[in-house]
Every structure is written in C-alpha cells, then in structure tokens.
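Working notes, beginning with the structure itself.
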Amino acid sequence: MRKLALHWQILIGMLAGIIFGFIMLQVDGGKQIISDWIYPFGKIFVNLLKLIAIPLILASLIKGVSDLKDISKFSRIGGRTIGIYLVTTVVAVAIGLLLVNVVQPGEGVSEQTLNRLTEAYASDSGVTSKISEAERQQGMGPLQFLVDMVPDNIFGAATSNGNMLQVIFFAIFFGICLLLVDEKKSAVIKDFFDGLNEVVLKMVDLIMLIAPYAVFALLAQVIVTSADPDILGALVRYALTVFFGLMIMIGVYLIIIYFFTGRSPLGFLKAISPAQLLAFSTSSSAATLPVTMERVEEHVGVEKEVVSFVCPVGATINMDGTSLYQAIAAVFIAQALSFPLTFNDQLTIVVTATLASIGSAAVPGAGMVMLVIVLESIGLPAEKLAIGLALIFAVDRPLDMCRTVVNVTGDATVSMLVAKSVGKLGTPKVKNWDDNYQK
Ligand code: ASP
C-alpha cells in the first residue's frame with residue numbers, strides 16, 4: 001500500500017512540532033528539554049543535508065556540463081540563467097516597494113513600541129553581529145566578488161559550504177575541459193561522476209525519510225525560542241506586508257510557469273513541495289539545495305544539464321524572497337523612524353536590494369546582514385542602524401522561513417524556464433525509495 005505522500009508527512013511533522021513547542025512552553029523547563037533533547041535531531045538532519053551539498057554540486061555539475069557536448073550550449077544556459085535571475089529579483093524588489101508604499105506599515109508604529117523594541121534588541125548580539133558582519137563585507141573592493149569566485153585550492157574550497165560559488169566555478173571549468181579531451185580518456189571520469197551523482201541523489205532520498213521527524217524538532221525549537229507574542233503583535237502589519245508580498249511573488253512564478261512552460265502550476269507546486277517545506281523549516285536555501293535539485297530533476301523533469309547549474313547558482317545568488325523583504329524592511333524602518341525617502345532613494349533600494357540579495361549567504365538570517373547595506377545606501381545614519389534592525393528583529397525568524405520558501409521556489413521556477421528555452425524540460429522520472437515508494 002502506498003504511504004501518505006511525503007509533503008503530507010512533512011506537514012504533519014511541522015504541525016506536531018509547533019503544537020508540541022507551545023505545550024512545552026507551558027511546562028517548567030520545557031524550553032530546555034526541547035533545546036537539549038529534541039532540537040539536536042533537527043540539527044543532525046540539517047547537517048546531513050549540508051553534508052551532501054558539495055559532493056552533489058561537484059558530481060552533477062561536472063556530469064551536466066560534460067554531457068552538453070558543446071560549450072556554446074553551456075554559455076546559452078549560463079546567460080539565460082543569470083538574465084532571468086536578475087529579472088525576477090528586480091520584479092520582487094518592485095513588488096516589495098509598491099506594497100510597502102501603499103500599506104505604509106511603518107506609519108502605525110508608536111513611540112512606545114519603538115522604545116520597547118530598541119530597549120529589547122538594539123544591543124542584542126543578534127543585531128550587533130549583523131551590523132559588524134555587514135561592515136566587514138563592505139570593506140571589500142568592487143571586484144572582490146570575482147576574486148572570491150576563483151579558489152586557489154579546490155580542497156580548501158570544498159571544505160566550506162559558504163564557498164559554493166568556488167566549487168561551482170571549479171566544476172564548470174573541469175566539465176568544460178572534460179569536453180575538450182579525447183573521449184577515450186574522459187569516459188572513465190564521466191562515468192565516475194555519473195555514478196557519484198547517483199549515489200548522492202540516493203543519499204538525499206534516504207535523508208528525506210527522516211524529514212517528517214526532523215521538521216518536528218526544528219519547528220518545536222522555533223516556537224520555544226521565538227520572541228514574546230506581545231512584541232510580535234506590534235509588528236504584525238509589517239510582517240503581514242512582507243508575507244503578502246511573498247505570496248504575490250509565488251503567484252508570479254505560477255503565472256510564469258503556466259504561460260512559458262505550459263505545465264500545470266499546481267503540478268509544479270506538488271512536485272517541489274517537500275523542498276518548500278524544508279526551506280520553511282530550515283530557513284536555509286543552502287541546506288535545502290540537495291532536495292531542491294532532486295525534486296526539480298526527478299519530479300519536475302528538468303534535465304540534469306540544467307538543474308546542476310541553475311539550482312546551485314540560484315541557491316547562492318538568486319534570492320527573490322530576500323530582496324523583496326529587504327525592500328519592505330528598509331522602507332518600513334525609514335517610515336517608523338520618520339526618515340524621509342525621496343524617489344531616488346527608492347530607486348537606490350531597487351539596485352542595492354538586488355545586489356544585496358545576490359550577496360546574501362543562503363543561511364538563516366543572512367538577509368538581515370545585507371539589509372544593513374541597503375539601509376546605509378539610503379543614508380540612514382549609523383546610530384540609527386541598530387535601532388532599525390531592533391525594530392524588525394523579533395519577527396525576522398518567521399519571515400526568514402517564509403522568504404526562504406520563495407528563494408527556493410524561484411530557483412525551481414527559473415530551472416524550468418531555462419530548461420524549456422533550451423529544450424531540456426522532459427517528463428518526471430521518480431525513482432524507487434523516493435517519497436517512500438518502497439516496494
Ligand atoms: N535564509 C535565507 C536563505 O537561505 C536568506 C535570508 O534571506 O536570510 O535563502
């Protein structure tokens with residue numbers, strides 16, 4: 001008998017985790033019990049996913065590029081990917097700006113709320129560490145990002161998930177050279193990476209078997225560590241504006257899919273839903289990447305040549321949810337602190353939020369680091385930065401969870417678009433073990 005579909009299992013795990021978290025909040029020492037005895041299992045799951053990210057990128061991208069047969073095909077895929085990523089990000093920022101200017105969530109924030117939030121969070125290490133991290137990143141030269149992309153040691157690069165672009169660079173370079181050498185010599189290497197890729201994808205399947213339990217642990221932890229509901233209430237208008245914007249962005253993806261690929265938007269959502277649920281539970285598109293790739297390749301039907309490039313690159317540079325959030329958060333903070341914004345400032349936000357989302361790491365809370373840069377670009381005085389971040393800090397985690405879903409959905413959508421445009425959108429090929437289709 002077929003078991004309950006994976007996305008339902010994960011959803012049930014999430015709901016149970018949320019309920020359990022609330023129950024434990026009422027129990028003496030409940031918070032500690034979750035942190036000590038439940039959350040570690042969620043962390044192990046996230047570690048397992050991160051563990052296979054680098055081998056998966058290496059194997060699938062080398063195999064993908066070397067399967068292309070000719071390099072011009074690769075440059076076509078590359079060009080389209082970057083182009084479409086930029087367009088979707090600018091659309092996301094525009095939606096965010098439009099919404100925040102219409103709703104004006106910052107106008108309703110009272111002096112009292114401002115003081116309370118500043119008192120609670122302005123000197124919190126969560127806020128100050130984000131400001132100093134942003135300063136560190138700003139001190140770099142304009143071409144530093146290019147320099148950073150080229151590793152001086154592949155083993156060094158492969159030791160940190162933060163170096164994903166370096167690994168992508170190496171894999172593409174290696175894959176192209178595989179195309180250029182004699183086929184008799186390259187065949188064995190291609191076979192090796194092909195086999196490695198299969199094994200890593202199987203690891204994804206096995207890891208996903210524990211996903212429903214892991215999300216239980218992750219969400220229980222989110223509940224017991226979230227800010228007090230009173231403070232969350234004060235930010236409800238801002239949070240709803242971001243949430244609504246993110247929903248619109250998902251709607252935009254579905255419309256694009258319908259019109260440009262002719263596929264059913266609901267079928268798409270169903271195929272990638274486990275990745276979306278994991279993005280929500282982990283707040284990290286990097287941790288979700290192996291699942292995103294597996295779903296897009298096996299359940300949506302995008303061929304490996306496209307998935308292996310578009311998804312990892314997307315996880316690092318395409319963050320539509322983050323850019324939308326940065327636009328709304330920047331204007332919200334300006335409104336709440338009565339800092340006037342000109343039309344030019346809003347245009348500056350379009351540019352900086354686009355760049356900032358590209359520069360944001362695919363890990364929890366990274367969007368807030370780069371938000372500092374957006375705020376500085378519109379001239380928010382340095383002494384107000386901490387107050388600005390303190391204002392939105394309490395709701396950052398739930399919003400991070402939601403924007404990560406959009407980030408991952410955006411990567412999957414663009415994979416489909418690019419695949420369709422180069423004739424590599426095929427039929428889904430679900431394998432054994434997947435979604436628990438055990439024999
Ligand atoms: N957590 C987000 C991601 O991993 C980045 C962010 O917006 O903070 O995609």
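To be explicit about the labels: the chains of the structure tokens are called A, B, and onward in the order shown, and within each one the residues are counted from 1, while ligands get numbers from 1 in the order they are shown.
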
### Task
Might you pull out every residue within 7 Å of segment 300-312 of chain A, with only C-alpha atoms counted and same-chain residues fewer than 2 positions away left off, and present them as a PyMOL selection string?
chain A and resi 57+60-61+64-65+67-68+81+268+271+289+293+295-298+314-316+411-412+415-416+419+424-429

Generate the output file for the selected residues, N, CA, C and O atoms, as a compact mmCIF listing (two decimals), in the first residue's frame.
```
# COMPACT_ATOMS: atom_id res chain seq x y z
N ILE A 57 26.92 19.03 -5.88
CA ILE A 57 27.21 20.07 -6.88
C ILE A 57 28.35 19.61 -7.78
O ILE A 57 28.26 19.69 -9.00
N SER A 60 27.14 16.49 -10.00
CA SER A 60 26.11 16.72 -11.00
C SER A 60 26.52 17.80 -11.99
O SER A 60 26.18 17.73 -13.17
N LEU A 61 27.28 18.79 -11.53
CA LEU A 61 27.66 19.85 -12.47
C LEU A 61 28.73 19.35 -13.46
O LEU A 61 28.66 19.64 -14.66
N GLY A 64 26.85 17.21 -15.71
CA GLY A 64 25.93 18.03 -16.53
C GLY A 64 26.66 18.77 -17.64
O GLY A 64 26.26 18.72 -18.80
N VAL A 65 27.74 19.45 -17.29
CA VAL A 65 28.47 20.22 -18.30
C VAL A 65 29.08 19.29 -19.35
O VAL A 65 29.01 19.54 -20.55
N ASP A 67 28.04 16.54 -20.34
CA ASP A 67 27.02 15.93 -21.20
C ASP A 67 26.54 16.86 -22.30
O ASP A 67 25.82 16.44 -23.21
N LEU A 68 26.90 18.12 -22.18
CA LEU A 68 26.34 19.10 -23.13
C LEU A 68 26.89 18.94 -24.54
O LEU A 68 26.33 19.44 -25.49
N THR A 81 20.25 31.89 -17.55
CA THR A 81 20.04 31.74 -16.11
C THR A 81 20.28 33.07 -15.39
O THR A 81 19.43 33.54 -14.63
N PHE A 268 3.39 21.64 -10.48
CA PHE A 268 4.73 22.13 -10.12
C PHE A 268 4.84 22.25 -8.60
O PHE A 268 5.81 21.78 -7.99
N ALA A 271 5.09 18.95 -6.98
CA ALA A 271 6.40 18.30 -7.19
C ALA A 271 7.48 18.87 -6.27
O ALA A 271 8.32 18.13 -5.77
N LEU A 289 19.19 22.82 -0.74
CA LEU A 289 19.63 22.62 -2.14
C LEU A 289 19.59 21.16 -2.64
O LEU A 289 19.04 20.91 -3.73
N MET A 293 17.28 20.19 -5.84
CA MET A 293 17.81 19.61 -7.08
C MET A 293 17.13 18.28 -7.39
O MET A 293 16.75 18.01 -8.54
N ARG A 295 14.18 17.24 -6.45
CA ARG A 295 12.77 17.41 -6.84
C ARG A 295 12.67 17.95 -8.26
O ARG A 295 11.86 17.51 -9.06
N VAL A 296 13.50 18.97 -8.57
CA VAL A 296 13.39 19.60 -9.88
C VAL A 296 13.78 18.60 -10.98
O VAL A 296 13.16 18.54 -12.04
N GLU A 297 14.79 17.79 -10.69
CA GLU A 297 15.23 16.84 -11.72
C GLU A 297 14.26 15.66 -11.85
O GLU A 297 13.77 15.36 -12.93
N GLU A 298 13.96 15.03 -10.71
CA GLU A 298 13.20 13.78 -10.80
C GLU A 298 11.69 13.98 -10.81
O GLU A 298 10.96 13.18 -11.36
N GLY A 314 21.50 29.40 -8.30
CA GLY A 314 20.34 30.09 -7.73
C GLY A 314 20.40 30.14 -6.22
O GLY A 314 20.10 31.16 -5.60
N ALA A 315 20.82 29.02 -5.61
CA ALA A 315 20.85 29.00 -4.15
C ALA A 315 21.82 30.05 -3.61
O ALA A 315 21.62 30.60 -2.53
N THR A 316 22.84 30.37 -4.39
CA THR A 316 23.80 31.36 -3.89
C THR A 316 23.47 32.78 -4.34
O THR A 316 23.69 33.72 -3.58
N ASP A 411 14.23 29.50 -7.58
CA ASP A 411 15.28 28.70 -8.25
C ASP A 411 14.64 27.59 -9.09
O ASP A 411 15.06 27.33 -10.22
N ALA A 412 13.62 26.96 -8.51
CA ALA A 412 12.95 25.86 -9.24
C ALA A 412 12.24 26.39 -10.48
O ALA A 412 12.28 25.79 -11.56
N SER A 415 14.74 27.23 -13.16
CA SER A 415 15.26 25.99 -13.77
C SER A 415 14.31 25.53 -14.86
O SER A 415 14.73 25.12 -15.95
N MET A 416 13.01 25.61 -14.57
CA MET A 416 12.03 25.16 -15.56
C MET A 416 12.05 26.05 -16.80
O MET A 416 11.99 25.57 -17.94
N ALA A 419 15.19 25.44 -18.78
CA ALA A 419 15.10 24.12 -19.41
C ALA A 419 14.17 24.17 -20.62
O ALA A 419 14.48 23.64 -21.69
N LYS A 424 15.13 21.30 -22.73
CA LYS A 424 15.54 20.26 -21.78
C LYS A 424 14.54 20.07 -20.64
O LYS A 424 14.89 19.67 -19.54
N LEU A 425 13.28 20.36 -20.95
CA LEU A 425 12.23 20.11 -19.97
C LEU A 425 11.52 18.82 -20.37
O LEU A 425 10.75 18.79 -21.33
N GLY A 426 11.84 17.74 -19.66
CA GLY A 426 11.28 16.45 -20.04
C GLY A 426 10.15 16.02 -19.10
O GLY A 426 9.51 16.85 -18.46
N THR A 427 9.97 14.71 -19.02
CA THR A 427 8.93 14.21 -18.12
C THR A 427 9.56 13.77 -16.80
O THR A 427 10.72 13.34 -16.76
N PRO A 428 8.80 13.86 -15.70
CA PRO A 428 9.34 13.46 -14.40
C PRO A 428 9.76 12.00 -14.41
O PRO A 428 9.16 11.18 -15.11
N LYS A 429 10.82 11.69 -13.65
CA LYS A 429 11.27 10.29 -13.57
C LYS A 429 11.54 9.96 -12.11
O LYS A 429 12.67 10.00 -11.63
```

Dump as CSV the rows for residues of chain A within 9 Å of ligand 1: closest atom pair and distance in Å with one decimal, only C-alpha atoms and all ligand atoms counted, ordered by chain and rising residue number.
```
residue,atom,partner,partner_atom_place_in_ligand_line,distance
A:Ala279,CA,ligand 1,9 (O),7.7
A:Thr282,CA,ligand 1,1 (N),8.2
A:Ser283,CA,ligand 1,1 (N),4.6
A:Ser284,CA,ligand 1,4 (O),3.4
A:Ser285,CA,ligand 1,4 (O),4.0
A:Ala286,CA,ligand 1,4 (O),6.0
A:Ala287,CA,ligand 1,4 (O),7.9
A:Thr288,CA,ligand 1,4 (O),8.5
A:Ala315,CA,ligand 1,9 (O),7.0
A:Thr316,CA,ligand 1,9 (O),8.2
A:Asn318,CA,ligand 1,9 (O),8.6
A:Met319,CA,ligand 1,9 (O),6.3
A:Asp320,CA,ligand 1,7 (O),8.8
A:Gly321,CA,ligand 1,7 (O),6.8
A:Thr322,CA,ligand 1,7 (O),4.2
A:Ser323,CA,ligand 1,7 (O),7.7
A:Tyr325,CA,ligand 1,7 (O),7.7
A:Gln326,CA,ligand 1,7 (O),8.4
A:Ser357,CA,ligand 1,7 (O),7.5
A:Ser360,CA,ligand 1,5 (C),6.4
A:Ala361,CA,ligand 1,5 (C),6.2
A:Ala362,CA,ligand 1,4 (O),3.4
A:Val363,CA,ligand 1,4 (O),3.9
A:Pro364,CA,ligand 1,1 (N),3.9
A:Gly365,CA,ligand 1,8 (O),3.9
A:Ala366,CA,ligand 1,8 (O),3.7
A:Gly367,CA,ligand 1,8 (O),3.5
A:Met368,CA,ligand 1,8 (O),6.1
A:Val369,CA,ligand 1,8 (O),7.9
A:Met370,CA,ligand 1,8 (O),8.7
A:Asp396,CA,ligand 1,8 (O),8.6
A:Arg397,CA,ligand 1,8 (O),8.7
A:Leu399,CA,ligand 1,7 (O),8.4
A:Asp400,CA,ligand 1,1 (N),5.4
A:Met401,CA,ligand 1,1 (N),6.8
A:Cys402,CA,ligand 1,1 (N),8.8
A:Arg403,CA,ligand 1,7 (O),6.0
A:Thr404,CA,ligand 1,9 (O),4.2
A:Val405,CA,ligand 1,9 (O),7.6
A:Val406,CA,ligand 1,9 (O),8.2
A:Asn407,CA,ligand 1,9 (O),5.5
A:Val408,CA,ligand 1,9 (O),7.1
```

Tell me, counting only C-alpha atoms, for each residue of segment 218-286 of chain A within 9 Å of segment 94-114 of chain A, which pair of atoms is nearest and how far apart they are in Å to one decimal, in rows ordered by chain and increasing number, as JSON lines.
```
{"residue": "A:Ile231", "atom": "CA", "partner": "A:Thr113", "partner_atom": "CA", "distance": 8.3}
{"residue": "A:Ala234", "atom": "CA", "partner": "A:Thr113", "partner_atom": "CA", "distance": 6.9}
{"residue": "A:Leu235", "atom": "CA", "partner": "A:Val109", "partner_atom": "CA", "distance": 8.1}
{"residue": "A:Val236", "atom": "CA", "partner": "A:Pro105", "partner_atom": "CA", "distance": 8.8}
{"residue": "A:Arg237", "atom": "CA", "partner": "A:Pro105", "partner_atom": "CA", "distance": 5.5}
{"residue": "A:Tyr238", "atom": "CA", "partner": "A:Pro105", "partner_atom": "CA", "distance": 5.1}
{"residue": "A:Ala239", "atom": "CA", "partner": "A:Pro105", "partner_atom": "CA", "distance": 8.8}
{"residue": "A:Thr241", "atom": "CA", "partner": "A:Val100", "partner_atom": "CA", "distance": 6.9}
{"residue": "A:Val242", "atom": "CA", "partner": "A:Gly96", "partner_atom": "CA", "distance": 7.4}
{"residue": "A:Phe244", "atom": "CA", "partner": "A:Leu99", "partner_atom": "CA", "distance": 8.6}
{"residue": "A:Gly245", "atom": "CA", "partner": "A:Gly96", "partner_atom": "CA", "distance": 6.0}
{"residue": "A:Leu246", "atom": "CA", "partner": "A:Gly96", "partner_atom": "CA", "distance": 8.4}
{"residue": "A:Ile248", "atom": "CA", "partner": "A:Ile95", "partner_atom": "CA", "distance": 8.0}
{"residue": "A:Met249", "atom": "CA", "partner": "A:Ile95", "partner_atom": "CA", "distance": 7.8}
```

Go ahead and write the residues just picked, N, CA, C and O atoms, as a PDB file, in the first residue's frame.
```pdb
ATOM      1  N   ILE A 231       5.349  41.421  21.627  1.00  0.00           N
ATOM      2  CA  ILE A 231       6.221  42.158  20.707  1.00  0.00           C
ATOM      3  C   ILE A 231       5.872  41.809  19.266  1.00  0.00           C
ATOM      4  O   ILE A 231       5.804  42.669  18.395  1.00  0.00           O
ATOM      5  N   ALA A 234       3.046  43.852  17.868  1.00  0.00           N
ATOM      6  CA  ALA A 234       3.318  45.233  17.471  1.00  0.00           C
ATOM      7  C   ALA A 234       3.816  45.307  16.032  1.00  0.00           C
ATOM      8  O   ALA A 234       3.741  46.339  15.376  1.00  0.00           O
ATOM      9  N   LEU A 235       4.340  44.194  15.543  1.00  0.00           N
ATOM     10  CA  LEU A 235       4.933  44.212  14.200  1.00  0.00           C
ATOM     11  C   LEU A 235       4.063  43.514  13.165  1.00  0.00           C
ATOM     12  O   LEU A 235       4.510  43.211  12.069  1.00  0.00           O
ATOM     13  N   VAL A 236       2.827  43.279  13.560  1.00  0.00           N
ATOM     14  CA  VAL A 236       2.001  42.432  12.713  1.00  0.00           C
ATOM     15  C   VAL A 236       1.744  43.044  11.331  1.00  0.00           C
ATOM     16  O   VAL A 236       1.749  42.343  10.324  1.00  0.00           O
ATOM     17  N   ARG A 237       1.616  44.372  11.279  1.00  0.00           N
ATOM     18  CA  ARG A 237       1.336  44.986   9.973  1.00  0.00           C
ATOM     19  C   ARG A 237       2.532  44.846   9.027  1.00  0.00           C
ATOM     20  O   ARG A 237       2.389  44.561   7.842  1.00  0.00           O
ATOM     21  N   TYR A 238       3.693  45.050   9.604  1.00  0.00           N
ATOM     22  CA  TYR A 238       4.917  44.902   8.805  1.00  0.00           C
ATOM     23  C   TYR A 238       5.065  43.448   8.340  1.00  0.00           C
ATOM     24  O   TYR A 238       5.302  43.164   7.152  1.00  0.00           O
ATOM     25  N   ALA A 239       4.876  42.518   9.288  1.00  0.00           N
ATOM     26  CA  ALA A 239       5.064  41.104   8.951  1.00  0.00           C
ATOM     27  C   ALA A 239       4.059  40.680   7.877  1.00  0.00           C
ATOM     28  O   ALA A 239       4.416  39.966   6.928  1.00  0.00           O
ATOM     29  N   THR A 241       2.713  42.569   5.634  1.00  0.00           N
ATOM     30  CA  THR A 241       3.085  43.175   4.341  1.00  0.00           C
ATOM     31  C   THR A 241       4.131  42.302   3.651  1.00  0.00           C
ATOM     32  O   THR A 241       4.018  41.999   2.450  1.00  0.00           O
ATOM     33  N   VAL A 242       5.139  41.882   4.415  1.00  0.00           N
ATOM     34  CA  VAL A 242       6.174  41.020   3.818  1.00  0.00           C
ATOM     35  C   VAL A 242       5.531  39.704   3.361  1.00  0.00           C
ATOM     36  O   VAL A 242       5.748  39.247   2.223  1.00  0.00           O
ATOM     37  N   PHE A 244       2.470  39.013   2.555  1.00  0.00           N
ATOM     38  CA  PHE A 244       1.604  39.205   1.393  1.00  0.00           C
ATOM     39  C   PHE A 244       2.453  39.362   0.125  1.00  0.00           C
ATOM     40  O   PHE A 244       2.167  38.777  -0.921  1.00  0.00           O
ATOM     41  N   GLY A 245       3.535  40.125   0.227  1.00  0.00           N
ATOM     42  CA  GLY A 245       4.439  40.309  -0.910  1.00  0.00           C
ATOM     43  C   GLY A 245       5.018  38.974  -1.370  1.00  0.00           C
ATOM     44  O   GLY A 245       5.100  38.675  -2.574  1.00  0.00           O
ATOM     45  N   LEU A 246       5.398  38.151  -0.408  1.00  0.00           N
ATOM     46  CA  LEU A 246       5.982  36.850  -0.757  1.00  0.00           C
ATOM     47  C   LEU A 246       4.952  35.970  -1.468  1.00  0.00           C
ATOM     48  O   LEU A 246       5.257  35.265  -2.429  1.00  0.00           O
ATOM     49  N   ILE A 248       2.482  37.072  -3.281  1.00  0.00           N
ATOM     50  CA  ILE A 248       2.328  37.600  -4.651  1.00  0.00           C
ATOM     51  C   ILE A 248       3.449  37.046  -5.528  1.00  0.00           C
ATOM     52  O   ILE A 248       3.239  36.638  -6.669  1.00  0.00           O
ATOM     53  N   MET A 249       4.658  36.990  -4.959  1.00  0.00           N
ATOM     54  CA  MET A 249       5.801  36.503  -5.745  1.00  0.00           C
ATOM     55  C   MET A 249       5.582  35.047  -6.161  1.00  0.00           C
ATOM     56  O   MET A 249       5.886  34.669  -7.300  1.00  0.00           O
TER      57      MET A 249
END
```

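Non-sequential neighbours of Ile38 of chain A (distance at most 10 Å, separation of 4 or more positions within a chain, only C-alpha atoms) are Gly17, Gln32, Ile33, Ile34, Gly42, Lys43, Tyr213, Ala214, Phe216, Ala217, Leu218, Ala220 and Gln221 of chain A.
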
#### Entry: Distance in Å - atom CA of Gly21 of chain A versus atom CA of Ile223 of chain A
5.3 Å

### Two-atom distance - atom CA of Thr225 of chain A, atom CA of Trp37 of chain A (Å)
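Straight-line distance from atom CA of Thr225 of chain A to atom CA of Trp37 of chain A works out to 14.6 Å.
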
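Restricting the calculation to only C-alpha atoms, the smallest distance between Ile272 of chain A and any of A:Ile54, A:Ala187, A:Leu6, A:Met24 is found for A:Leu6.
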
### Query
For Pro290 of chain A, which residue out of A:Gly410, A:Pro398, A:Pro55, A:Gly175 is the nearest one, using only C-alpha atoms?
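Under the stated criterion, the closest residue is A:Pro55.
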
### Query
When distances are computed from only C-alpha atoms, which of A:Phe145, A:Ile328, A:Ser75, A:Val224 shows the smallest separation from Phe20 of chain A?
A:Val224

### Query
Which residue out of A:Asn197, A:Thr348, A:Gln276, A:Thr413 has the minimum interatomic distance to Phe260 of chain A when only C-alpha atoms are used?
A:Thr413

### Message
To one decimal place in Å, what is the distance between atom CA of Val150 of chain A and atom CA of Val313 of chain A?
### Response
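These atoms are spaced 14.4 Å apart.
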
### Among listed residues A:Ala356, A:Ser281, A:Leu391, A:Pro40, nearest Leu15 of chain A (using only C-alpha atoms)
A:Ser281

### Message
Give me, as a list of chain:residue names, all polymer residues having an atom no more than 9 Å from Asn163 of chain A, counting only C-alpha atoms and skipping those fewer than 4 positions away in the same chain.
### Response
A:Asp148, A:Met149, A:Pro151, A:Ala157, A:Ala158, A:Thr159, A:Val167, A:Ile168

Would you save the residues from that selection as a CSV table (one decimal), in the first residue's frame, using C-alpha atoms?
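Generated output (result_14.csv):
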```
chain,number,residue,atom,x,y,z
A,148,ASP,CA,36.3,35.3,-4.4
A,149,MET,CA,34.8,33.1,-7.0
A,151,PRO,CA,39.5,29.3,-5.5
A,157,ALA,CA,37.1,25.5,-1.3
A,158,ALA,CA,35.3,22.2,-0.8
A,159,THR,CA,35.7,22.4,3.0
A,167,VAL,CA,33.1,24.8,-6.1
A,168,ILE,CA,30.7,25.7,-9.0
```

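Using only C-alpha atoms, the nearest neighbour of Phe192 of chain A within the list A:Ser72, A:Ile62, A:Gln9, A:Leu206 is A:Ile62.
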
Please return as a compact mmCIF listing (two decimals) with C-alpha atoms, in the first residue's frame: the residues of segment 132-231 of chain A that backbone DSSP assigns to alpha helix (DSSP H).
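Okay, selection.txt is ready:
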```txt
# COMPACT_ATOMS: atom_id res chain seq x y z
CA SER A 132 29.61 44.19 12.16
CA GLU A 133 29.33 41.38 9.59
CA ALA A 134 27.90 43.88 7.08
CA GLU A 135 30.78 46.28 7.80
CA ARG A 136 33.27 43.51 7.17
CA GLN A 137 31.69 42.73 3.81
CA GLN A 138 31.53 46.40 2.84
CA GLN A 144 36.27 41.24 -4.73
CA PHE A 145 33.27 39.04 -5.57
CA LEU A 146 35.01 37.93 -8.79
CA VAL A 147 38.23 37.22 -6.94
CA ASP A 148 36.26 35.27 -4.35
CA MET A 149 34.75 33.09 -7.04
CA ILE A 154 39.88 23.14 -4.60
CA PHE A 155 40.16 21.10 -1.42
CA GLY A 156 40.17 24.31 0.58
CA ALA A 157 37.08 25.50 -1.30
CA MET A 164 29.69 27.16 -3.08
CA LEU A 165 30.43 29.55 -5.93
CA GLN A 166 34.08 28.45 -5.86
CA VAL A 167 33.07 24.83 -6.14
CA ILE A 168 30.66 25.70 -8.96
CA PHE A 169 33.49 27.52 -10.75
CA PHE A 170 35.80 24.52 -10.45
CA ALA A 171 33.11 22.07 -11.57
CA ILE A 172 32.27 24.10 -14.67
CA PHE A 173 35.94 24.53 -15.56
CA PHE A 174 36.56 20.82 -15.04
CA GLY A 175 33.43 19.85 -17.00
CA ILE A 176 34.40 22.05 -19.95
CA CYS A 177 37.90 20.54 -20.04
CA LEU A 178 36.36 17.06 -19.98
CA LEU A 179 34.61 18.04 -23.19
CA LEU A 180 37.90 19.08 -24.71
CA GLU A 183 36.74 10.77 -25.30
CA LYS A 184 38.70 7.61 -24.56
CA LYS A 185 40.37 9.42 -21.69
CA SER A 186 37.35 11.31 -20.42
CA ALA A 187 34.88 8.42 -20.42
CA VAL A 188 36.10 6.88 -17.20
CA ILE A 189 35.97 10.22 -15.37
CA LYS A 190 32.50 10.94 -16.68
CA ASP A 191 31.33 7.52 -15.54
CA PHE A 192 32.82 8.12 -12.14
CA PHE A 193 30.98 11.41 -11.61
CA ASP A 194 27.81 9.92 -13.07
CA GLY A 195 27.95 7.12 -10.51
CA LEU A 196 28.84 9.51 -7.71
CA ASN A 197 25.88 11.67 -8.65
CA GLU A 198 23.52 8.71 -8.46
CA VAL A 199 24.84 7.75 -5.05
CA VAL A 200 24.47 11.26 -3.67
CA LEU A 201 20.92 11.54 -5.00
CA LYS A 202 20.16 8.27 -3.25
CA MET A 203 21.55 9.81 -0.07
CA VAL A 204 19.01 12.60 -0.49
CA ASP A 205 16.23 10.00 -0.71
CA LEU A 206 17.38 8.29 2.45
CA ILE A 207 17.87 11.51 4.38
CA MET A 208 14.38 12.57 3.38
CA ALA A 211 12.42 14.65 7.25
CA PRO A 212 8.99 14.44 8.95
CA TYR A 213 10.64 13.81 12.35
CA ALA A 214 13.37 16.38 11.79
CA VAL A 215 10.96 19.19 10.96
CA PHE A 216 9.11 18.34 14.17
CA ALA A 217 12.31 19.05 16.10
CA LEU A 218 13.18 22.18 14.10
CA LEU A 219 9.77 23.79 14.50
CA ALA A 220 9.44 22.92 18.18
CA GLN A 221 12.73 24.80 18.66
CA VAL A 222 11.50 27.78 16.63
CA ILE A 223 8.42 28.02 18.86
CA VAL A 224 10.28 27.88 22.17
CA THR A 225 12.90 30.41 21.05
CA PRO A 229 3.82 37.34 21.45
CA ASP A 230 3.27 40.89 22.71
CA ILE A 231 6.22 42.16 20.71
```
